[in-house]
file start-v3.pdb (PDB, C-alpha atoms and all ligand atoms)
ATOM      1  CA  MET V1469     -42.798  38.339  -9.442  1.00  0.00           C
ATOM      2  CA  ILE V1470     -45.239  38.672  -6.574  1.00  0.00           C
ATOM      3  CA  ILE V1471     -45.095  36.373  -3.538  1.00  0.00           C
ATOM      4  CA  ARG V1472     -48.089  36.431  -1.212  1.00  0.00           C
ATOM      5  CA  LYS V1473     -48.486  35.248   2.351  1.00  0.00           C
ATOM      6  CA  LEU V1474     -51.797  35.295   4.196  1.00  0.00           C
ATOM      7  CA  PHE V1475     -52.152  35.769   7.944  1.00  0.00           C
ATOM      8  CA  LYS V1476     -55.317  35.678  10.039  1.00  0.00           C
ATOM      9  CA  PHE V1477     -56.060  37.289  13.382  1.00  0.00           C
ATOM     10  CA  GLU V1478     -59.021  38.138  15.596  1.00  0.00           C
ATOM     11  CA  ASN V1479     -58.896  41.645  17.001  1.00  0.00           C
ATOM     12  CA  ALA V1480     -61.090  44.047  18.951  1.00  0.00           C
ATOM     13  CA  HIS V1481     -61.118  47.804  18.558  1.00  0.00           C
ATOM     14  CA  LEU V1482     -62.943  51.078  18.463  1.00  0.00           C
ATOM     15  CA  VAL V1483     -62.412  53.414  15.520  1.00  0.00           C
ATOM     16  CA  ARG V1484     -62.731  56.833  17.116  1.00  0.00           C
ATOM     17  CA  GLY V1485     -64.063  59.523  14.821  1.00  0.00           C
ATOM     18  CA  SER V1486     -65.722  57.029  12.480  1.00  0.00           C
ATOM     19  CA  THR V1487     -69.051  58.197  11.082  1.00  0.00           C
ATOM     20  CA  SER V1488     -70.502  54.870  12.188  1.00  0.00           C
ATOM     21  CA  ARG V1489     -71.559  54.974  15.830  1.00  0.00           C
ATOM     22  CA  ARG V1490     -71.129  51.218  16.060  1.00  0.00           C
ATOM     23  CA  CYS V1491     -67.500  51.552  15.021  1.00  0.00           C
ATOM     24  CA  ALA V1492     -66.707  54.593  17.111  1.00  0.00           C
ATOM     25  CA  PHE V1493     -68.474  53.866  20.388  1.00  0.00           C
ATOM     26  CA  SER V1494     -68.978  50.099  20.721  1.00  0.00           C
ATOM     27  CA  LEU V1495     -66.022  47.850  21.409  1.00  0.00           C
ATOM     28  CA  HIS V1496     -66.257  45.121  18.766  1.00  0.00           C
ATOM     29  CA  GLY V1497     -64.097  42.714  16.828  1.00  0.00           C
ATOM     30  CA  HIS V1498     -63.322  41.421  13.370  1.00  0.00           C
ATOM     31  CA  SER V1499     -61.835  38.258  11.900  1.00  0.00           C
ATOM     32  CA  TYR V1500     -59.079  39.931   9.941  1.00  0.00           C
ATOM     33  CA  LYS V1501     -57.087  38.584   7.053  1.00  0.00           C
ATOM     34  CA  ALA V1502     -53.780  40.249   6.245  1.00  0.00           C
ATOM     35  CA  GLU V1503     -52.086  39.631   2.927  1.00  0.00           C
ATOM     36  CA  ILE V1504     -48.458  40.619   2.563  1.00  0.00           C
ATOM     37  CA  LEU V1505     -47.432  40.900  -1.081  1.00  0.00           C
ATOM     38  CA  LEU V1506     -43.712  40.813  -1.798  1.00  0.00           C
ATOM     39  CA  LYS V1507     -41.977  41.674  -5.047  1.00  0.00           C
ATOM     40  CA  ALA V1508     -38.962  39.536  -5.931  1.00  0.00           C
ATOM     41  CA  ASP V1509     -36.420  40.164  -8.690  1.00  0.00           C
ATOM     42  CA  ASP V1510     -34.180  37.147  -8.071  1.00  0.00           C
ATOM     43  CA  PHE V1511     -34.145  33.653  -6.594  1.00  0.00           C
ATOM     44  CA  LYS V1512     -32.228  32.066  -3.788  1.00  0.00           C
ATOM     45  CA  GLU V1513     -31.094  28.448  -3.613  1.00  0.00           C
ATOM     46  CA  GLY V1514     -33.754  26.058  -4.838  1.00  0.00           C
ATOM     47  CA  GLU V1515     -35.063  28.687  -7.252  1.00  0.00           C
ATOM     48  CA  ILE V1516     -37.397  30.158  -4.712  1.00  0.00           C
ATOM     49  CA  ALA V1517     -37.690  33.874  -4.000  1.00  0.00           C
ATOM     50  CA  ILE V1518     -38.156  33.410  -0.264  1.00  0.00           C
ATOM     51  CA  ASP V1519     -39.325  30.411   1.722  1.00  0.00           C
ATOM     52  CA  PHE V1520     -42.960  30.839   2.768  1.00  0.00           C
ATOM     53  CA  SER V1521     -42.070  29.531   6.222  1.00  0.00           C
ATOM     54  CA  GLN V1522     -39.365  32.202   6.454  1.00  0.00           C
ATOM     55  CA  ILE V1523     -41.955  34.899   5.751  1.00  0.00           C
ATOM     56  CA  LYS V1524     -44.087  33.415   8.515  1.00  0.00           C
ATOM     57  CA  ASP V1525     -41.152  33.411  10.945  1.00  0.00           C
ATOM     58  CA  MET V1526     -40.189  36.998  10.166  1.00  0.00           C
ATOM     59  CA  LEU V1527     -43.663  38.543  10.100  1.00  0.00           C
ATOM     60  CA  GLY V1528     -46.002  36.156  11.912  1.00  0.00           C
ATOM     61  CA  TRP V1529     -44.970  37.025  15.471  1.00  0.00           C
ATOM     62  CA  PHE V1530     -45.810  40.687  14.935  1.00  0.00           C
ATOM     63  CA  ILE V1531     -49.153  40.137  13.223  1.00  0.00           C
ATOM     64  CA  ASP V1532     -49.993  37.550  15.876  1.00  0.00           C
ATOM     65  CA  SER V1533     -49.525  40.297  18.479  1.00  0.00           C
ATOM     66  CA  PHE V1534     -52.914  41.558  17.357  1.00  0.00           C
ATOM     67  CA  ASP V1535     -54.641  38.177  17.649  1.00  0.00           C
ATOM     68  CA  HIS V1536     -57.155  37.959  20.479  1.00  0.00           C
ATOM     69  CA  SER V1537     -56.046  41.379  21.626  1.00  0.00           C
ATOM     70  CA  VAL V1538     -57.521  44.860  21.785  1.00  0.00           C
ATOM     71  CA  THR V1539     -55.877  47.507  19.646  1.00  0.00           C
ATOM     72  CA  ILE V1540     -56.027  50.951  21.192  1.00  0.00           C
ATOM     73  CA  TRP V1541     -55.267  54.260  19.528  1.00  0.00           C
ATOM     74  CA  GLY V1542     -52.658  56.088  21.605  1.00  0.00           C
ATOM     75  CA  ASN V1543     -54.769  59.255  21.412  1.00  0.00           C
ATOM     76  CA  ASP V1544     -57.728  57.636  23.143  1.00  0.00           C
ATOM     77  CA  THR V1545     -58.727  58.732  26.633  1.00  0.00           C
ATOM     78  CA  ASN V1546     -56.728  57.566  29.620  1.00  0.00           C
ATOM     79  CA  ALA V1547     -59.943  56.228  31.141  1.00  0.00           C
ATOM     80  CA  TYR V1548     -60.552  53.951  28.150  1.00  0.00           C
ATOM     81  CA  ILE V1549     -56.933  52.846  27.894  1.00  0.00           C
ATOM     82  CA  GLU V1550     -56.751  51.977  31.588  1.00  0.00           C
ATOM     83  CA  ALA V1551     -60.104  50.177  31.483  1.00  0.00           C
ATOM     84  CA  ILE V1552     -58.960  47.953  28.612  1.00  0.00           C
ATOM     85  CA  LYS V1553     -55.645  47.230  30.308  1.00  0.00           C
ATOM     86  CA  SER V1554     -57.426  46.176  33.468  1.00  0.00           C
ATOM     87  CA  HIS V1555     -59.757  43.757  31.653  1.00  0.00           C
ATOM     88  CA  SER V1556     -57.613  42.299  28.866  1.00  0.00           C
ATOM     89  CA  ASP V1557     -54.231  40.577  29.107  1.00  0.00           C
ATOM     90  CA  ARG V1558     -53.577  41.226  25.448  1.00  0.00           C
ATOM     91  CA  TRP V1559     -53.622  44.823  24.256  1.00  0.00           C
ATOM     92  CA  ALA V1560     -51.570  46.903  21.853  1.00  0.00           C
ATOM     93  CA  ILE V1561     -51.369  50.677  21.651  1.00  0.00           C
ATOM     94  CA  THR V1562     -50.619  52.096  18.210  1.00  0.00           C
ATOM     95  CA  PRO V1563     -49.902  55.702  17.164  1.00  0.00           C
ATOM     96  CA  VAL V1564     -52.692  55.512  14.579  1.00  0.00           C
ATOM     97  CA  ASN V1565     -56.384  54.668  14.789  1.00  0.00           C
ATOM     98  CA  PRO V1566     -56.898  50.892  14.302  1.00  0.00           C
ATOM     99  CA  SER V1567     -58.870  51.116  11.059  1.00  0.00           C
ATOM    100  CA  ALA V1568     -58.308  48.591   8.263  1.00  0.00           C
ATOM    101  CA  GLU V1569     -56.495  51.354   6.391  1.00  0.00           C
ATOM    102  CA  GLN V1570     -54.052  51.884   9.224  1.00  0.00           C
ATOM    103  CA  PHE V1571     -53.538  48.186   9.859  1.00  0.00           C
ATOM    104  CA  ALA V1572     -52.559  47.895   6.182  1.00  0.00           C
ATOM    105  CA  ARG V1573     -50.064  50.766   6.531  1.00  0.00           C
ATOM    106  CA  LEU V1574     -48.775  49.298   9.768  1.00  0.00           C
ATOM    107  CA  PHE V1575     -48.147  45.841   8.336  1.00  0.00           C
ATOM    108  CA  PHE V1576     -46.454  47.271   5.234  1.00  0.00           C
ATOM    109  CA  TRP V1577     -44.227  49.426   7.439  1.00  0.00           C
ATOM    110  CA  PHE V1578     -43.349  46.472   9.654  1.00  0.00           C
ATOM    111  CA  ALA V1579     -42.747  44.010   6.795  1.00  0.00           C
ATOM    112  CA  ASP V1580     -40.542  46.525   5.002  1.00  0.00           C
ATOM    113  CA  ARG V1581     -38.328  46.697   8.083  1.00  0.00           C
ATOM    114  CA  ALA V1582     -38.404  43.004   8.956  1.00  0.00           C
ATOM    115  CA  LEU V1583     -37.428  41.950   5.427  1.00  0.00           C
ATOM    116  CA  SER V1584     -34.892  44.724   4.809  1.00  0.00           C
ATOM    117  CA  ALA V1585     -31.937  42.297   4.777  1.00  0.00           C
ATOM    118  CA  GLU V1586     -33.467  40.377   1.859  1.00  0.00           C
ATOM    119  CA  ARG V1587     -31.986  42.434  -0.968  1.00  0.00           C
ATOM    120  CA  HIS V1588     -33.951  40.795  -3.771  1.00  0.00           C
ATOM    121  CA  ILE V1589     -37.285  41.222  -1.977  1.00  0.00           C
ATOM    122  CA  SER V1590     -39.357  44.356  -1.450  1.00  0.00           C
ATOM    123  CA  VAL V1591     -42.838  44.833  -0.058  1.00  0.00           C
ATOM    124  CA  GLU V1592     -45.261  45.518  -2.897  1.00  0.00           C
ATOM    125  CA  SER V1593     -48.338  46.110  -0.726  1.00  0.00           C
ATOM    126  CA  ALA V1594     -50.206  44.984   2.359  1.00  0.00           C
ATOM    127  CA  ILE V1595     -53.907  44.200   2.268  1.00  0.00           C
ATOM    128  CA  VAL V1596     -56.060  44.004   5.382  1.00  0.00           C
ATOM    129  CA  HIS V1597     -59.530  42.518   5.073  1.00  0.00           C
ATOM    130  CA  GLU V1598     -61.755  43.686   7.886  1.00  0.00           C
ATOM    131  CA  THR V1599     -64.742  41.713   6.575  1.00  0.00           C
ATOM    132  CA  ASP V1600     -65.370  39.397   3.637  1.00  0.00           C
ATOM    133  CA  SER V1601     -66.398  42.339   1.502  1.00  0.00           C
ATOM    134  CA  ALA V1602     -64.082  45.148   2.597  1.00  0.00           C
ATOM    135  CA  TYR V1603     -60.341  45.588   2.538  1.00  0.00           C
ATOM    136  CA  ALA V1604     -57.711  48.309   2.506  1.00  0.00           C
ATOM    137  CA  ARG V1605     -54.458  48.008   0.552  1.00  0.00           C
ATOM    138  CA  ALA V1606     -51.404  50.073   1.435  1.00  0.00           C
ATOM    139  CA  PHE V1607     -48.416  50.886  -0.754  1.00  0.00           C
ATOM    140  CA  LEU V1608     -45.099  52.543   0.084  1.00  0.00           C
ATOM    141  CA  GLU V1609     -46.470  55.978  -0.819  1.00  0.00           C
ATOM    142  CA  ASP V1610     -49.188  55.517   1.819  1.00  0.00           C
ATOM    143  CA  VAL V1611     -46.729  54.493   4.517  1.00  0.00           C
ATOM    144  CA  GLN V1612     -44.654  57.593   3.741  1.00  0.00           C
ATOM    145  CA  ASN V1613     -47.647  59.954   3.503  1.00  0.00           C
ATOM    146  CA  PRO V1614     -47.502  62.345   6.486  1.00  0.00           C
ATOM    147  CA  ARG V1615     -51.201  63.197   6.082  1.00  0.00           C
ATOM    148  CA  MET V1616     -51.973  59.579   7.016  1.00  0.00           C
ATOM    149  CA  GLY V1617     -50.019  59.780  10.270  1.00  0.00           C
ATOM    150  CA  ALA V1618     -46.481  58.988  11.305  1.00  0.00           C
ATOM    151  CA  LEU V1619     -45.551  55.450  12.334  1.00  0.00           C
ATOM    152  CA  LYS V1620     -42.888  55.746  15.017  1.00  0.00           C
ATOM    153  CA  PRO V1621     -41.695  52.610  16.813  1.00  0.00           C
ATOM    154  CA  ASP V1622     -41.356  54.360  20.164  1.00  0.00           C
ATOM    155  CA  GLU V1623     -45.068  55.190  20.128  1.00  0.00           C
ATOM    156  CA  PHE V1624     -46.139  51.532  20.200  1.00  0.00           C
ATOM    157  CA  ARG V1625     -46.905  49.683  23.414  1.00  0.00           C
ATOM    158  CA  PHE V1626     -47.541  45.951  23.777  1.00  0.00           C
ATOM    159  CA  SER V1627     -48.798  44.171  26.858  1.00  0.00           C
ATOM    160  CA  ASP V1628     -46.593  41.720  28.753  1.00  0.00           C
ATOM    161  CA  GLU V1629     -48.794  38.845  27.608  1.00  0.00           C
ATOM    162  CA  ILE V1630     -48.079  39.749  23.978  1.00  0.00           C
ATOM    163  CA  ARG V1631     -44.354  40.274  24.549  1.00  0.00           C
ATOM    164  CA  ASN V1632     -44.130  36.898  26.260  1.00  0.00           C
ATOM    165  CA  GLY V1633     -45.185  35.299  22.983  1.00  0.00           C
ATOM    166  CA  TRP V1634     -42.315  36.841  21.013  1.00  0.00           C
ATOM    167  CA  GLY V1635     -39.542  34.617  22.328  1.00  0.00           C
ATOM    168  CA  ASP V1636     -37.523  37.769  22.958  1.00  0.00           C
ATOM    169  CA  ARG V1637     -39.549  40.385  24.829  1.00  0.00           C
ATOM    170  CA  LYS V1638     -37.533  43.176  23.170  1.00  0.00           C
ATOM    171  CA  ARG V1639     -37.929  41.809  19.648  1.00  0.00           C
ATOM    172  CA  PHE V1640     -39.863  44.808  18.351  1.00  0.00           C
ATOM    173  CA  GLU V1641     -37.453  47.352  19.822  1.00  0.00           C
ATOM    174  CA  LYS V1642     -34.424  45.431  18.558  1.00  0.00           C
ATOM    175  CA  LEU V1643     -35.821  45.326  15.049  1.00  0.00           C
ATOM    176  CA  PHE V1644     -36.457  49.046  14.858  1.00  0.00           C
ATOM    177  CA  MET V1645     -33.975  50.548  17.257  1.00  0.00           C
ATOM    178  CA  GLY V1646     -31.259  47.926  17.552  1.00  0.00           C
ATOM    179  CA  ASN V1647     -31.393  47.705  21.328  1.00  0.00           C
TER     180      ASN V1647
HETATM  181 ZN    ZN M1701     -64.477  47.578  13.412  1.00  0.00          ZN
END

call {"tool": "encode", "arguments": {"input": "start-v3.pdb", "output": "structure tokens"}}
result
Amino acid sequence: MIIRKLFKFENAHLVRGSTSRRCAFSLHGHSYKAEILLKADDFKEGEIAIDFSQIKDMLGWFIDSFDHSVTIWGNDTNAYIEAIKSHSDRWAITPVNPSAEQFARLFFWFADRALSAERHISVESAIVHETDSAYARAFLEDVQNPRMGALKPDEFRFSDEIRNGWGDRKRFEKLFMGN
């Protein structure tokens, strides 16, 4: 059985190296939709696989980190990174380029970790719609594919403004590194 939860966020980025000059060289934004698709092979009490509000609690804070924020590729120039930091309270640095493809991998990777205690649930895929007509869908094989880039928790950075919205400012580190 597949359980789906939809999240929405507004995010700004550049996609360095893109063949489109607009994508690569002009800071711009999208109204993203992220669909997390979970596979369940059992029910809990009430004959539900997992409460939809529980999915929101476990995943929403992380996806919301990217709402009204600028996502920066860690390999971008120091000049660009510092300029964004000085003009935007909300920014996130990721170890991969913030394309729809990488957002899909990123959200799969995160959801897989965040839901790991739910033994009867696994992440089937993560879909990220960058526009109404274009999406990328990531599966486990994509998250594990070294040619698509490694996702390492210690290579992420989130601004104070984002961390302040987590309830626990170390929530991301605790989830991945237990500290
Ligand atoms: Zn774009």

call {"tool": "resolve_selection", "arguments": {"input": "start-v3.pdb", "expression": "the PyMOL selection byres (((chain V and resi 1588-1599) around 8) and not hetatm)", "output": "VMD selection string"}}
result
chain V and resid 1470 1498 to 1511 1517 1568 to 1569 1571 to 1573 1575 to 1576 1579 to 1580 1583 to 1584 1586 to 1587 1600 to 1608

call {"tool": "resolve_selection", "arguments": {"input": "start-v3.pdb", "expression": "the PyMOL selection byres (((chain V and resi 1640) around 12) and not hetatm)", "output": "ChimeraX atom specification"}}
result
/V:1526-1527,1529-1531,1533,1578-1579,1581-1582,1620-1626,1630-1639,1641-1647

call {"tool": "residues_near_ligand", "arguments": {"input": "start-v3.pdb", "ligand": "ligand ZN 1701 (chain M)", "cutoff": "7 Å", "atoms": "all atoms listed in the file", "output": "list in words"}}
result
His1481, Leu1482, Val1483, Cys1491, His1496, Gly1497 and His1498 of chain V

call {"tool": "residues_around", "arguments": {"input": "start-v3.pdb", "residues": "Gly1542 of chain V", "least_positions_apart": "6", "cutoff": "10 Å", "atoms": "all atoms listed in the file", "output": "mmCIF file with C-alpha atoms, in the frame of the given file"}}
result
data_model
loop_
_atom_site.group_PDB
_atom_site.id
_atom_site.type_symbol
_atom_site.label_atom_id
_atom_site.label_comp_id
_atom_site.auth_asym_id
_atom_site.auth_seq_id
_atom_site.Cartn_x
_atom_site.Cartn_y
_atom_site.Cartn_z
ATOM 1 C CA ILE V 1549 -56.933 52.846 27.894
ATOM 2 C CA ALA V 1560 -51.570 46.903 21.853
ATOM 3 C CA ILE V 1561 -51.369 50.677 21.651
ATOM 4 C CA THR V 1562 -50.619 52.096 18.210
ATOM 5 C CA PRO V 1563 -49.902 55.702 17.164
ATOM 6 C CA VAL V 1564 -52.692 55.512 14.579
ATOM 7 C CA ASN V 1565 -56.384 54.668 14.789
ATOM 8 C CA PRO V 1566 -56.898 50.892 14.302
ATOM 9 C CA GLU V 1623 -45.068 55.190 20.128
ATOM 10 C CA PHE V 1624 -46.139 51.532 20.200
ATOM 11 C CA ARG V 1625 -46.905 49.683 23.414
#

call {"tool": "atom_distance", "arguments": {"input": "start-v3.pdb", "atom1": "atom CA of Gln1570 of chain V", "atom2": "atom CA of Val1611 of chain V"}}
result
9.1 Å

call {"tool": "atom_distance", "arguments": {"input": "start-v3.pdb", "atom1": "atom CA of Ile1471 of chain V", "atom2": "atom CA of Met1616 of chain V"}}
result
26.4 Å

call {"tool": "atom_distance", "arguments": {"input": "start-v3.pdb", "atom1": "atom CA of Asn1546 of chain V", "atom2": "atom CA of Asp1628 of chain V"}}
result
18.8 Å

call {"tool": "residues_near_point", "arguments": {"input": "start-v3.pdb", "point": "(-51.5, 45.6, 28.1)", "cutoff": "6 Å", "atoms": "only C-alpha atoms", "output": "list in words"}}
result
Lys1553, Asp1557, Arg1558, Trp1559, Phe1626 and Ser1627 of chain V
